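Visitor: You'll find target.csv just under this line, and it carries CSV, C-alpha atoms and all ligand atoms.
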chain,number,residue,atom,x,y,z
R,1,MET,CA,79.2,1.8,-93.7
R,2,SER,CA,81.1,2.7,-96.9
R,3,THR,CA,83.6,5.5,-96.7
R,4,ASN,CA,85.1,5.0,-100.1
R,5,SER,CA,82.0,4.8,-102.3
R,6,ALA,CA,81.3,7.5,-104.9
R,7,LEU,CA,80.1,10.9,-103.7
R,8,VAL,CA,76.3,11.2,-103.7
R,9,TYR,CA,75.5,14.9,-103.9
R,10,MET,CA,72.0,15.5,-102.8
R,11,ASP,CA,72.4,19.2,-101.9
R,12,ASN,CA,71.6,20.8,-105.2
R,13,SER,CA,69.3,23.5,-103.7
R,14,ALA,CA,72.4,24.8,-101.9
R,15,THR,CA,74.4,24.8,-105.0
R,16,THR,CA,75.2,22.7,-108.1
R,17,ARG,CA,78.2,21.3,-109.8
R,18,PRO,CA,78.8,23.5,-112.9
R,19,PHE,CA,78.3,21.7,-116.2
R,20,PRO,CA,81.8,20.6,-117.5
R,21,GLU,CA,81.1,22.6,-120.8
R,22,VAL,CA,80.5,25.7,-118.7
R,23,ILE,CA,83.9,25.3,-116.8
R,24,GLU,CA,85.7,24.8,-120.1
R,25,THR,CA,84.1,27.8,-121.7
R,26,MET,CA,84.8,30.0,-118.7
R,27,ALA,CA,88.5,28.9,-118.6
R,28,GLY,CA,88.9,30.0,-122.2
R,29,ILE,CA,87.4,33.4,-121.5
R,30,TYR,CA,89.6,33.9,-118.4
R,31,SER,CA,92.7,33.1,-120.4
R,32,GLU,CA,91.9,34.5,-123.8
R,33,GLN,CA,88.9,36.7,-124.0
R,34,PHE,CA,89.4,38.9,-121.0
R,35,GLY,CA,88.5,42.2,-122.6
R,36,ASN,CA,86.3,44.7,-120.8
R,37,PRO,CA,83.0,45.0,-122.7
R,38,SER,CA,83.1,48.8,-122.3
R,39,SER,CA,86.5,49.0,-124.1
R,40,LEU,CA,86.4,50.6,-127.5
R,41,HIS,CA,88.8,48.2,-129.2
R,42,ARG,CA,88.2,44.8,-130.7
R,43,MET,CA,88.7,42.8,-127.5
R,44,GLY,CA,86.1,44.9,-125.8
R,45,TYR,CA,83.7,44.5,-128.6
R,46,GLU,CA,84.2,40.7,-128.5
R,47,SER,CA,83.4,40.6,-124.8
R,48,GLU,CA,80.4,42.7,-125.3
R,49,LYS,CA,79.2,40.3,-128.0
R,50,LEU,CA,79.6,37.4,-125.5
R,51,VAL,CA,77.6,39.2,-122.9
R,52,ARG,CA,74.9,40.0,-125.4
R,53,LYS,CA,74.6,36.3,-126.4
R,54,ALA,CA,74.5,35.1,-122.8
R,55,ARG,CA,71.8,37.7,-122.0
R,56,LYS,CA,69.7,36.3,-124.9
R,57,SER,CA,70.1,32.7,-123.4
R,58,VAL,CA,69.1,33.7,-119.9
R,59,ALA,CA,66.2,35.8,-121.2
R,60,SER,CA,65.0,32.9,-123.4
R,61,LEU,CA,65.0,30.4,-120.5
R,62,ILE,CA,63.0,32.9,-118.4
R,63,GLY,CA,60.7,33.5,-121.4
R,64,VAL,CA,61.2,37.3,-121.7
R,65,GLY,CA,62.9,39.8,-124.0
R,66,GLU,CA,66.7,40.2,-123.6
R,67,ASP,CA,66.4,44.0,-123.0
R,68,GLN,CA,64.6,43.2,-119.8
R,69,VAL,CA,67.3,41.1,-118.2
R,70,TYR,CA,69.9,42.8,-116.0
R,71,PHE,CA,72.9,40.8,-114.6
R,72,THR,CA,73.6,40.9,-110.9
R,73,SER,CA,76.0,39.1,-108.6
R,74,GLY,CA,73.4,36.5,-107.8
R,75,GLY,CA,69.9,35.9,-106.4
R,76,THR,CA,70.7,37.8,-103.2
R,77,GLU,CA,71.5,41.0,-105.0
R,78,ALA,CA,68.6,40.6,-107.4
R,79,ASN,CA,66.2,40.2,-104.4
R,80,ASN,CA,67.7,43.2,-102.5
R,81,TRP,CA,67.5,45.3,-105.7
R,82,ALA,CA,63.9,44.3,-106.4
R,83,VAL,CA,62.8,45.5,-103.0
R,84,PHE,CA,65.0,48.6,-102.4
R,85,GLY,CA,64.8,49.7,-106.1
R,86,SER,CA,61.0,49.4,-106.1
R,87,LEU,CA,60.7,51.5,-102.9
R,88,ARG,CA,63.1,54.2,-104.2
R,89,SER,CA,61.3,54.5,-107.5
R,90,ALA,CA,57.8,54.5,-106.0
R,91,GLY,CA,58.6,57.5,-103.8
R,92,PRO,CA,57.9,58.4,-100.2
R,93,ARG,CA,54.1,58.0,-100.5
R,94,TYR,CA,54.5,54.2,-100.5
R,95,LYS,CA,55.3,52.8,-97.1
R,96,HIS,CA,54.0,49.2,-97.1
R,97,VAL,CA,55.2,45.9,-98.6
R,98,ILE,CA,53.8,42.4,-98.4
R,99,THR,CA,55.8,39.2,-98.3
R,100,SER,CA,55.6,35.6,-96.9
R,101,VAL,CA,57.0,34.0,-93.8
R,102,VAL,CA,58.9,31.4,-95.8
R,103,GLU,CA,60.9,33.7,-98.1
R,104,HIS,CA,64.6,33.3,-98.4
R,105,PRO,CA,66.7,35.4,-96.0
R,106,SER,CA,67.8,37.6,-98.9
R,107,VAL,CA,64.2,38.9,-98.8
R,108,LEU,CA,63.3,38.6,-95.2
R,109,ALA,CA,66.4,40.3,-93.9
R,110,VAL,CA,65.7,43.2,-96.2
R,111,MET,CA,62.2,43.3,-94.7
R,112,ASP,CA,63.6,43.5,-91.2
R,113,TYR,CA,65.8,46.4,-92.3
R,114,LEU,CA,62.8,48.2,-93.9
R,115,GLN,CA,60.9,48.0,-90.6
R,116,GLU,CA,63.9,49.7,-88.9
R,117,LEU,CA,63.6,52.4,-91.6
R,118,GLY,CA,59.9,52.9,-90.7
R,119,TYR,CA,58.2,50.9,-93.4
R,120,ARG,CA,55.3,48.6,-92.6
R,121,VAL,CA,55.8,45.0,-93.6
R,122,SER,CA,53.0,42.4,-93.8
R,123,VAL,CA,54.3,38.9,-93.5
R,124,VAL,CA,51.8,36.3,-94.8
R,125,PRO,CA,51.6,33.0,-93.0
R,126,VAL,CA,51.6,29.6,-94.9
R,127,ASP,CA,49.6,26.4,-94.8
R,128,SER,CA,50.9,23.0,-93.7
R,129,GLU,CA,52.6,22.6,-97.1
R,130,GLY,CA,54.3,26.0,-97.1
R,131,ARG,CA,51.9,27.8,-99.4
R,132,VAL,CA,50.3,31.2,-98.9
R,133,ASP,CA,46.6,31.8,-99.4
R,134,PRO,CA,46.3,34.2,-102.4
R,135,ASP,CA,43.2,35.8,-101.0
R,136,GLU,CA,45.0,36.6,-97.8
R,137,VAL,CA,47.9,38.2,-99.7
R,138,LEU,CA,45.4,40.3,-101.7
R,139,SER,CA,43.4,41.3,-98.6
R,140,LEU,CA,46.5,43.0,-97.2
R,141,VAL,CA,47.0,45.4,-100.1
R,142,GLU,CA,46.5,49.0,-99.0
R,143,ASP,CA,46.7,52.4,-100.8
R,144,ASP,CA,50.3,52.8,-100.0
R,145,THR,CA,51.4,49.2,-100.8
R,146,CYS,CA,54.4,49.4,-103.0
R,147,LEU,CA,55.4,45.8,-103.5
R,148,VAL,CA,54.3,42.2,-103.1
R,149,SER,CA,57.4,39.9,-103.0
R,150,MET,CA,56.7,36.1,-103.2
R,151,MET,CA,58.9,33.2,-104.0
R,152,PHE,CA,58.2,30.7,-106.8
R,153,VAL,CA,59.5,27.5,-105.2
R,154,GLN,CA,60.3,27.4,-101.5
R,155,ASN,CA,63.9,26.5,-101.0
R,156,GLU,CA,63.6,24.2,-98.0
R,157,VAL,CA,60.4,22.2,-98.6
R,158,GLY,CA,59.9,22.6,-102.4
R,159,CYS,CA,56.3,23.8,-102.5
R,160,VAL,CA,55.2,25.9,-105.5
R,161,GLU,CA,53.5,29.1,-104.5
R,162,PRO,CA,50.2,30.2,-106.1
R,163,LEU,CA,51.8,33.0,-108.2
R,164,ALA,CA,49.2,33.0,-111.0
R,165,GLU,CA,46.4,33.6,-108.6
R,166,ILE,CA,48.2,36.4,-106.7
R,167,GLY,CA,49.2,38.0,-110.0
R,168,ALA,CA,45.7,37.9,-111.4
R,169,GLY,CA,44.3,39.4,-108.2
R,170,LEU,CA,46.9,42.2,-108.3
R,171,SER,CA,46.1,42.9,-111.9
R,172,ARG,CA,42.4,43.4,-111.1
R,173,LEU,CA,43.4,46.3,-108.9
R,174,GLY,CA,44.2,48.4,-112.0
R,175,PRO,CA,47.1,50.7,-112.8
R,176,ARG,CA,47.7,51.7,-109.1
R,177,ARG,CA,48.3,48.1,-108.1
R,178,PRO,CA,51.5,47.2,-106.2
R,179,ARG,CA,54.3,45.8,-108.3
R,180,PHE,CA,54.8,42.0,-108.1
R,181,HIS,CA,58.3,40.6,-107.4
R,182,VAL,CA,59.0,36.9,-107.6
R,183,ASP,CA,62.1,35.2,-106.2
R,184,ALA,CA,62.4,32.4,-108.8
R,185,VAL,CA,65.8,31.2,-107.7
R,186,GLN,CA,64.6,27.7,-106.8
R,187,GLY,CA,62.1,27.3,-109.6
R,188,PHE,CA,64.0,28.8,-112.5
R,189,ALA,CA,64.8,26.1,-115.2
R,190,ARG,CA,63.2,23.3,-113.2
R,191,LEU,CA,59.7,24.6,-113.9
R,192,ASP,CA,58.2,26.9,-116.5
R,193,ILE,CA,57.9,30.6,-115.8
R,194,ASP,CA,55.2,32.8,-117.4
R,195,VAL,CA,55.8,36.4,-116.3
R,196,ASP,CA,52.8,37.6,-118.5
R,197,LYS,CA,50.3,35.1,-117.2
R,198,TRP,CA,51.4,35.7,-113.6
R,199,GLY,CA,51.5,39.5,-114.0
R,200,VAL,CA,55.1,39.6,-112.7
R,201,ASP,CA,57.0,42.9,-112.8
R,202,LEU,CA,60.3,41.7,-111.3
R,203,LEU,CA,61.9,38.3,-111.1
R,204,SER,CA,65.1,37.0,-109.6
R,205,VAL,CA,67.2,34.1,-110.9
R,206,SER,CA,70.6,32.7,-109.9
R,207,SER,CA,73.2,30.8,-112.0
R,208,HIS,CA,74.8,28.5,-109.4
R,209,LYS,CA,71.5,26.7,-108.7
R,210,ILE,CA,71.3,25.5,-112.3
R,211,HIS,CA,74.8,24.1,-112.9
R,212,GLY,CA,76.2,27.6,-113.8
R,213,PRO,CA,79.0,29.4,-111.9
R,214,LYS,CA,78.5,31.1,-108.6
R,215,GLY,CA,78.4,34.9,-108.2
R,216,ILE,CA,76.1,35.6,-111.1
R,217,GLY,CA,72.4,36.0,-111.4
R,218,ALA,CA,69.9,38.3,-113.0
R,219,LEU,CA,66.8,40.4,-112.3
R,220,TYR,CA,64.1,40.6,-114.9
R,221,ILE,CA,62.5,44.0,-115.0
R,222,ARG,CA,59.3,44.3,-117.0
R,223,LYS,CA,59.5,47.0,-119.7
R,224,GLY,CA,58.0,50.3,-118.5
R,225,VAL,CA,58.5,49.5,-114.8
R,226,PRO,CA,60.5,52.3,-113.4
R,227,MET,CA,63.5,51.1,-111.3
R,228,HIS,CA,66.2,52.8,-109.3
R,229,PRO,CA,69.7,51.3,-109.3
R,230,LEU,CA,71.0,49.6,-106.1
R,231,ILE,CA,74.6,50.0,-107.3
R,232,PHE,CA,75.9,53.2,-108.8
R,233,GLY,CA,79.0,53.8,-110.9
R,234,GLY,CA,80.0,53.5,-114.6
R,235,GLY,CA,76.5,52.9,-115.9
R,236,GLN,CA,76.7,49.3,-117.1
R,237,GLU,CA,73.5,47.3,-117.6
R,238,GLN,CA,71.6,50.2,-119.2
R,239,GLY,CA,72.6,52.4,-116.3
R,240,LEU,CA,70.8,50.3,-113.7
R,241,ARG,CA,73.6,48.1,-112.4
R,242,SER,CA,77.1,49.5,-112.5
R,243,GLY,CA,80.3,47.5,-112.3
R,244,THR,CA,82.5,45.9,-114.9
R,245,GLU,CA,80.6,42.9,-116.2
R,246,ASN,CA,81.7,39.5,-114.8
R,247,VAL,CA,82.1,38.2,-118.4
R,248,PRO,CA,83.3,34.6,-117.7
R,249,ALA,CA,80.4,34.1,-115.2
R,250,ILE,CA,77.8,35.7,-117.4
R,251,VAL,CA,78.9,33.5,-120.3
R,252,GLY,CA,78.9,30.4,-118.1
R,253,PHE,CA,75.4,31.3,-116.9
R,254,GLY,CA,74.2,31.8,-120.4
R,255,GLN,CA,75.6,28.4,-121.4
R,256,ALA,CA,74.0,26.7,-118.5
R,257,CYS,CA,70.7,28.2,-119.6
R,258,ASP,CA,71.3,26.9,-123.1
R,259,ILE,CA,71.9,23.4,-121.8
R,260,TRP,CA,68.7,23.5,-119.6
R,261,ALA,CA,66.7,24.6,-122.6
R,262,GLN,CA,67.8,21.3,-124.2
R,263,ILE,CA,67.2,19.0,-121.2
R,264,ALA,CA,64.4,20.6,-119.2
R,265,ARG,CA,61.5,18.8,-120.9
R,266,LYS,CA,63.0,15.3,-120.2
R,267,ALA,CA,64.5,16.2,-116.9
R,268,ARG,CA,61.3,17.2,-115.2
R,269,PRO,CA,59.4,13.9,-115.4
R,270,ARG,CA,62.6,12.1,-114.6
R,271,LEU,CA,63.1,14.2,-111.5
R,272,TYR,CA,59.5,13.7,-110.3
R,273,GLU,CA,60.1,10.0,-110.7
R,274,LEU,CA,63.3,10.2,-108.6
R,275,ARG,CA,61.5,12.3,-106.1
R,276,LYS,CA,58.8,9.6,-105.6
R,277,ARG,CA,61.5,6.9,-105.4
R,278,LEU,CA,63.3,8.8,-102.7
R,279,ILE,CA,60.1,9.5,-100.7
R,280,ASP,CA,59.0,5.9,-100.9
R,281,GLY,CA,62.4,4.7,-100.1
R,282,VAL,CA,62.8,6.8,-97.0
R,283,ARG,CA,59.4,5.9,-95.8
R,284,THR,CA,60.2,2.2,-96.2
R,285,VAL,CA,63.4,2.3,-94.2
R,286,PHE,CA,62.1,4.8,-91.6
R,287,PRO,CA,58.3,4.8,-91.4
R,288,ASP,CA,58.2,7.5,-88.7
R,289,ALA,CA,59.8,10.0,-91.2
R,290,VAL,CA,57.5,13.0,-91.7
R,291,LEU,CA,57.4,14.6,-95.1
R,292,ASN,CA,57.5,18.4,-95.0
R,293,GLY,CA,55.9,20.2,-97.9
R,294,PRO,CA,53.6,18.8,-100.6
R,295,GLU,CA,53.4,15.1,-101.4
R,296,LEU,CA,52.9,15.7,-105.2
R,297,ASP,CA,50.5,18.5,-106.2
R,298,ASN,CA,52.3,21.8,-106.0
R,299,ALA,CA,55.6,20.2,-105.4
R,300,ALA,CA,58.8,21.1,-107.3
R,301,PRO,CA,60.5,18.1,-108.8
R,302,HIS,CA,63.9,18.4,-107.1
R,303,ILE,CA,63.3,19.0,-103.3
R,304,VAL,CA,62.4,16.4,-100.7
R,305,ASN,CA,62.3,17.4,-97.0
R,306,PHE,CA,61.8,14.9,-94.2
R,307,SER,CA,61.8,15.3,-90.4
R,308,PHE,CA,63.3,12.3,-88.5
R,309,PRO,CA,61.7,12.7,-85.1
R,310,GLY,CA,64.1,11.5,-82.3
R,311,PHE,CA,67.2,12.7,-84.2
R,312,ARG,CA,69.0,16.0,-84.7
R,313,GLY,CA,69.3,17.3,-88.2
R,314,GLU,CA,73.0,18.1,-87.9
R,315,THR,CA,73.8,14.7,-86.6
R,316,ILE,CA,72.1,13.1,-89.6
R,317,VAL,CA,74.0,15.4,-91.9
R,318,ASN,CA,77.2,14.3,-90.4
R,319,ALA,CA,76.3,10.6,-90.4
R,320,LEU,CA,75.3,10.8,-94.0
R,321,GLU,CA,78.5,12.7,-94.9
R,322,GLN,CA,80.5,9.8,-93.4
R,323,ARG,CA,78.7,7.7,-95.9
R,324,ASN,CA,79.5,10.1,-98.8
R,325,VAL,CA,76.0,11.4,-99.1
R,326,PHE,CA,75.7,15.2,-98.9
R,327,VAL,CA,72.5,16.8,-97.7
R,328,SER,CA,71.5,19.8,-95.6
R,329,THR,CA,69.3,20.7,-92.7
R,330,GLY,CA,67.6,23.6,-94.4
R,331,SER,CA,68.6,26.6,-96.4
R,332,ALA,CA,72.4,26.8,-96.8
R,333,CYS,CA,72.7,30.1,-95.1
R,334,SER,CA,71.2,28.9,-91.8
R,335,SER,CA,72.4,25.3,-91.9
R,336,ARG,CA,75.4,25.9,-89.6
R,337,LYS,CA,73.2,27.2,-86.9
R,338,SER,CA,71.6,24.7,-84.5
R,339,LYS,CA,68.2,26.3,-84.4
R,340,PRO,CA,64.9,24.8,-85.4
R,341,SER,CA,64.2,25.7,-89.0
R,342,PRO,CA,61.8,28.7,-89.1
R,343,VAL,CA,60.3,27.4,-92.3
R,344,ILE,CA,59.4,24.0,-90.8
R,345,LEU,CA,57.9,25.9,-87.8
R,346,ALA,CA,55.9,28.1,-90.2
R,347,LEU,CA,54.3,25.0,-91.6
R,348,GLY,CA,52.8,24.4,-88.1
R,349,LYS,CA,55.2,21.6,-87.2
R,350,GLY,CA,56.7,21.3,-83.7
R,351,GLU,CA,60.2,22.0,-82.5
R,352,GLU,CA,61.1,18.3,-82.6
R,353,GLU,CA,60.2,18.1,-86.3
R,354,ALA,CA,61.9,21.5,-87.1
R,355,LEU,CA,65.2,20.3,-85.4
R,356,SER,CA,65.2,17.0,-87.2
R,357,ALA,CA,64.5,18.2,-90.8
R,358,ILE,CA,66.7,17.2,-93.6
R,359,ARG,CA,66.5,18.5,-97.2
R,360,PHE,CA,67.5,16.3,-100.1
R,361,SER,CA,67.8,18.2,-103.3
R,362,MET,CA,68.4,16.8,-106.8
R,363,SER,CA,69.3,18.0,-110.2
R,364,PRO,CA,69.2,16.5,-113.7
R,365,LEU,CA,72.6,15.0,-112.9
R,366,THR,CA,71.1,12.9,-110.1
R,367,THR,CA,70.7,9.2,-110.9
R,368,ARG,CA,68.5,6.4,-109.6
R,369,LYS,CA,71.7,4.9,-108.2
R,370,ASP,CA,72.2,8.2,-106.2
R,371,VAL,CA,68.7,8.0,-104.8
R,372,ASP,CA,69.1,4.3,-103.9
R,373,ALA,CA,72.5,5.0,-102.2
R,374,THR,CA,70.9,7.9,-100.3
R,375,VAL,CA,68.1,5.7,-99.0
R,376,SER,CA,70.6,3.0,-97.9
R,377,ALA,CA,72.7,5.6,-96.2
R,378,VAL,CA,69.7,7.0,-94.3
R,379,GLU,CA,68.8,3.4,-93.2
R,380,ASP,CA,72.4,2.7,-92.1
R,381,ALA,CA,72.9,6.1,-90.5
R,382,LEU,CA,69.7,6.0,-88.4
R,383,LYS,CA,70.4,2.5,-87.4
R,384,GLU,CA,73.8,3.5,-86.0
R,385,LEU,CA,72.6,6.8,-84.5
R,386,GLY,CA,69.6,5.7,-82.5
R,387,PRO,CA,67.1,3.1,-81.4
R,388,TRP,CA,65.9,1.4,-84.5
R,389,ARG,CA,62.2,2.3,-84.7
R,390,ARG,CA,61.0,0.5,-87.7
R,391,LYS,CA,57.3,0.0,-87.1
R,392,SER,CA,57.1,-3.4,-88.6
R,393,THR,CA,59.6,-4.9,-86.2
R,401,LIG,C1,64.9,31.0,-102.8
R,401,LIG,C2,66.3,31.6,-102.9
R,401,LIG,N1,66.4,32.9,-103.1
R,401,LIG,C3,67.6,33.5,-103.1
R,401,LIG,C4,68.8,32.8,-103.0
R,401,LIG,C5,70.1,33.5,-103.0
R,401,LIG,O1,70.7,33.3,-104.2
R,401,LIG,P1,72.3,33.5,-104.4
R,401,LIG,O2,73.0,32.3,-103.6
R,401,LIG,O3,72.6,33.4,-105.8
R,401,LIG,O4,72.7,34.8,-103.8
R,401,LIG,C6,68.7,31.4,-102.7
R,401,LIG,C7,69.9,30.6,-102.4
R,401,LIG,O5,69.9,29.7,-101.6
R,401,LIG,C8,67.4,30.8,-102.7
R,401,LIG,O6,67.3,29.5,-102.5
Represent the supplied structure as structure tokens.
Guide:
Amino acid sequence: MSTNSALVYMDNSATTRPFPEVIETMAGIYSEQFGNPSSLHRMGYESEKLVRKARKSVASLIGVGEDQVYFTSGGTEANNWAVFGSLRSAGPRYKHVITSVVEHPSVLAVMDYLQELGYRVSVVPVDSEGRVDPDEVLSLVEDDTCLVSMMFVQNEVGCVEPLAEIGAGLSRLGPRRPRFHVDAVQGFARLDIDVDKWGVDLLSVSSHKIHGPKGIGALYIRKGVPMHPLIFGGGQEQGLRSGTENVPAIVGFGQACDIWAQIARKARPRLYELRKRLIDGVRTVFPDAVLNGPELDNAAPHIVNFSFPGFRGETIVNALEQRNVFVSTGSACSSRKSKPSPVILALGKGEEEALSAIRFSMSPLTTRKDVDATVSAVEDALKELGPWRRKST
């Protein structure tokens, strides 16, 4: 066991290390360009210019116009706003929303609250890879359905949801169709987004998952879609999201988007290659490992989730940490709770598999060496933790 080897960070779906250029730029803004974009003097104007430039960068990576991007404090706020803002603007006639069982807690917890408030919530199940059936989603639409909220890439198992099919089906319903919200936090930058092809009205993104700073994200709101604010105050963000702009974070987010725009094309095939290397490697050292989520088709490039039957997820996390490899048991928000992952259970897996699931998540900064070190650490850790159950021996 090596305790002094380099850190191998394989938890990029929880958060990422900010790009060094981003940190440098943000430091400069904190110390020099700290004006409030709303101020009438030159320092305010300079800050406003920085925010405008960053908005352009974020909009460009999403593939939308900059006047349709509203900064928020992150993916959680964007998701909350998409749901509450839609219901408020749709009015009291609309009492129904549709979502999936594998959404992030920043959607599902809102749904729980909506039920307390008297709304009806249809929660669509998923198949063994974590994907919803678009026909099932569409079959649930009723006259008073306000919103369909679906994620792009599932954060624990990395499946890509069939958004184009859902969006096309919703569009066929005509002008009274429910609006379509997509939580794109895990797919943004790693995969292409096409809001027009998918018929998306609202889309959430977050900066800290793409090597930008924490505490900043954005909601795309299609032009012409009426939207109520979630946060009221001084009227920033075209009156829809009040609060003094977090200029350093906004600029850092914009810069991270610019960097992704340069690297995404090359990073994707490389990540798929690393993903395969990791899957093959883990299966070689522990043949009983069960892959959760898709093997290749409909898989995002950066997430690999394995169950290690016979072991507990937290125990593996700790054993890997001792070997300087950092992973998680599931979504970051629930990883400190020793409960079976509801997402793995939703895939139809048993409690044993749900309690032993480990998520490895990569980024363009991940190297082959990191993947190989991870596989070695898994082999070493499982050997130490339990009966060695290699099938070939
Ligand atoms: C799919 C998904 N949605 C939303 C969020 C929340 O984003 P943030 O951490 O920016 O609030 C996360 C973060 O883990 C996520 O994975």
Visitor: List all protein, DNA and RNA residues that have any atom at most 8 Å from ligand LIG 401 (chain R), counting only C-alpha atoms and all ligand atoms, and write the list as a ChimeraX atom specification.
Guide: /R:13-15,73-79,103-107,151-156,183-186,204-209,214-217,331-333
Visitor: What gap, in Å, lies between atom CA of R:Val102 and atom CA of R:Ser341?
Guide: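 Atom-to-atom, atom CA of R:Val102 and atom CA of R:Ser341 are spaced 10.3 Å apart.
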Visitor: The residues within 10 Å of (79.7, 27.9, -112.6), using only C-alpha atoms and the coordinates of the file, should be reported as a list in words; which are they?
Guide: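 Every polymer residue passing the test: Thr15, Thr16, Arg17, Pro18, Phe19, Pro20, Glu21, Val22, Ile23, Met26, Ser207, His208, Lys209, Ile210, His211, Gly212, Pro213, Lys214, Gly215, Ile216, Pro248, Ala249, Ile250, Val251, Gly252, Phe253, Gln255 and Ala256 of chain R.
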Visitor: Have a look at R:Lys266, R:Tyr9, R:Lys56, R:Val64 and name the one nearest to R:Ile193; count only C-alpha atoms.
Guide: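 Using only C-alpha atoms, R:Ile193 sits closest to R:Val64.
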Visitor: Taking all atoms listed in the file into account, which of R:Leu385, R:Pro340, R:Tyr94, R:Leu278 comes nearest R:Asp370?
Guide: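 Of all the options, R:Leu278 lies closest to R:Asp370.
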Visitor: In the coordinate frame of the file, compute which residues have an atom within 9 Å of (72.6, 8.5, -82.7) when using only C-alpha atoms, and state them as a ChimeraX atom specification.
Guide: /R:311-312,315-316,319,381-387
Visitor: In terms of the shortest atom-to-atom distance over all atoms listed in the file, which of R:Thr284, R:Gln322, R:Asn298, R:Ser86 is closest to R:Gly130?
Guide: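 For R:Gly130, the nearest of the given residues is R:Asn298.
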Visitor: Write out as a list in words which residues come within 7 Å of R:Ala289 when counting all atoms listed in the file, dropping same-chain ones fewer than 4 positions away.
Guide: Arg283, Phe306, Ser307, Phe308 and Pro309 of chain R
Visitor: Give me, as a list in words, all polymer residues having an atom no more than 10 Å from R:Thr374, counting all atoms listed in the file and skipping those fewer than 3 positions away in the same chain.
Guide: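 After dropping sequence-adjacent residues, the list is Val8, Tyr9, Met10, Leu278, Gly281, Val282, Leu320, Arg323, Asn324, Val325, Phe326, Val327, Phe360, Arg368, Lys369, Asp370, Val371, Ala377, Val378, Glu379 and Asp380 of chain R.
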Visitor: What does the file look like for those residues with C-alpha atoms, as an mmCIF file, in the frame of the given file?
Guide:
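This went into result-v4.cif:
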data_model
loop_
_atom_site.group_PDB
_atom_site.id
_atom_site.type_symbol
_atom_site.label_atom_id
_atom_site.label_comp_id
_atom_site.auth_asym_id
_atom_site.auth_seq_id
_atom_site.Cartn_x
_atom_site.Cartn_y
_atom_site.Cartn_z
ATOM 1 C CA VAL R 8 76.300 11.200 -103.700
ATOM 2 C CA TYR R 9 75.500 14.900 -103.900
ATOM 3 C CA MET R 10 72.000 15.500 -102.800
ATOM 4 C CA LEU R 278 63.300 8.800 -102.700
ATOM 5 C CA GLY R 281 62.400 4.700 -100.100
ATOM 6 C CA VAL R 282 62.800 6.800 -97.000
ATOM 7 C CA LEU R 320 75.300 10.800 -94.000
ATOM 8 C CA ARG R 323 78.700 7.700 -95.900
ATOM 9 C CA ASN R 324 79.500 10.100 -98.800
ATOM 10 C CA VAL R 325 76.000 11.400 -99.100
ATOM 11 C CA PHE R 326 75.700 15.200 -98.900
ATOM 12 C CA VAL R 327 72.500 16.800 -97.700
ATOM 13 C CA PHE R 360 67.500 16.300 -100.100
ATOM 14 C CA ARG R 368 68.500 6.400 -109.600
ATOM 15 C CA LYS R 369 71.700 4.900 -108.200
ATOM 16 C CA ASP R 370 72.200 8.200 -106.200
ATOM 17 C CA VAL R 371 68.700 8.000 -104.800
ATOM 18 C CA ALA R 377 72.700 5.600 -96.200
ATOM 19 C CA VAL R 378 69.700 7.000 -94.300
ATOM 20 C CA GLU R 379 68.800 3.400 -93.200
ATOM 21 C CA ASP R 380 72.400 2.700 -92.100
#
Visitor: When you look at R:Arg131 with a cut-off of 8 Å (counting all atoms listed in the file), what residues show up, excluding the ones that are within fewer than 5 positions of it in the same chain? I need them as a ChimeraX atom specification.
Guide: /R:126,159-162
Visitor: Can you spit out the residues from that selection as a PDB file, keeping the file's coordinate frame, using C-alpha atoms?
Guide:
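Output below, filename result.pdb:
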ATOM      1  CA  VAL R 126      51.600  29.600 -94.900  1.00  0.00           C
ATOM      2  CA  CYS R 159      56.300  23.800-102.500  1.00  0.00           C
ATOM      3  CA  VAL R 160      55.200  25.900-105.500  1.00  0.00           C
ATOM      4  CA  GLU R 161      53.500  29.100-104.500  1.00  0.00           C
ATOM      5  CA  PRO R 162      50.200  30.200-106.100  1.00  0.00           C
TER       6      PRO R 162
END
Visitor: Got a sec: who's within 9 Å of R:Glu142, counting all atoms listed in the file, leaving out chain neighbours fewer than 3 positions off, as a list in words?
Guide: His96, Ser139, Thr145, Cys146 and Pro178 of chain R
Visitor: If I take atom CA of R:Pro134 and atom CA of R:Ile166, how far is one from the other in Å, to one decimal?
Guide: 5.2 Å
Visitor: For R:Ala54, which residue out of R:Val148, R:Ala218, R:Val317, R:Val182 is the nearest one, using all atoms listed in the file?
Guide: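 Going through R:Val148, R:Ala218, R:Val317, R:Val182 one by one, the smallest distance to R:Ala54 is for R:Ala218.
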Visitor: Please determine, counting only C-alpha atoms, which residue among R:Pro226, R:Pro125, R:Gly199, R:Gly65 has the shortest atom-to-atom distance to R:Pro342.
Guide: R:Pro125
Visitor: Can you pull out the residues contacting R:Ser242? Cut-off 9 Å, using all atoms listed in the file, and skip same-chain residues under 5 positions away; I want them as a list in words.
Guide: Pro229, Leu230, Ile231, Phe232, Gly233, Gly234, Gly235, Gln236 and Glu237 of chain R
Visitor: With C-alpha atoms retained, could you export that selection as a compact mmCIF listing (two decimals), in the frame of the given file?
Guide:
# COMPACT_ATOMS: atom_id res chain seq x y z
CA PRO R 229 69.70 51.30 -109.30
CA LEU R 230 71.00 49.60 -106.10
CA ILE R 231 74.60 50.00 -107.30
CA PHE R 232 75.90 53.20 -108.80
CA GLY R 233 79.00 53.80 -110.90
CA GLY R 234 80.00 53.50 -114.60
CA GLY R 235 76.50 52.90 -115.90
CA GLN R 236 76.70 49.30 -117.10
CA GLU R 237 73.50 47.30 -117.60
Visitor: Using only C-alpha atoms, pick whichever of R:Gln262, R:Glu129, R:Lys223, R:Leu202 has the shortest atom-to-atom distance to R:Lys349.
Guide: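 Smallest separation from R:Lys349 among the options: R:Glu129.
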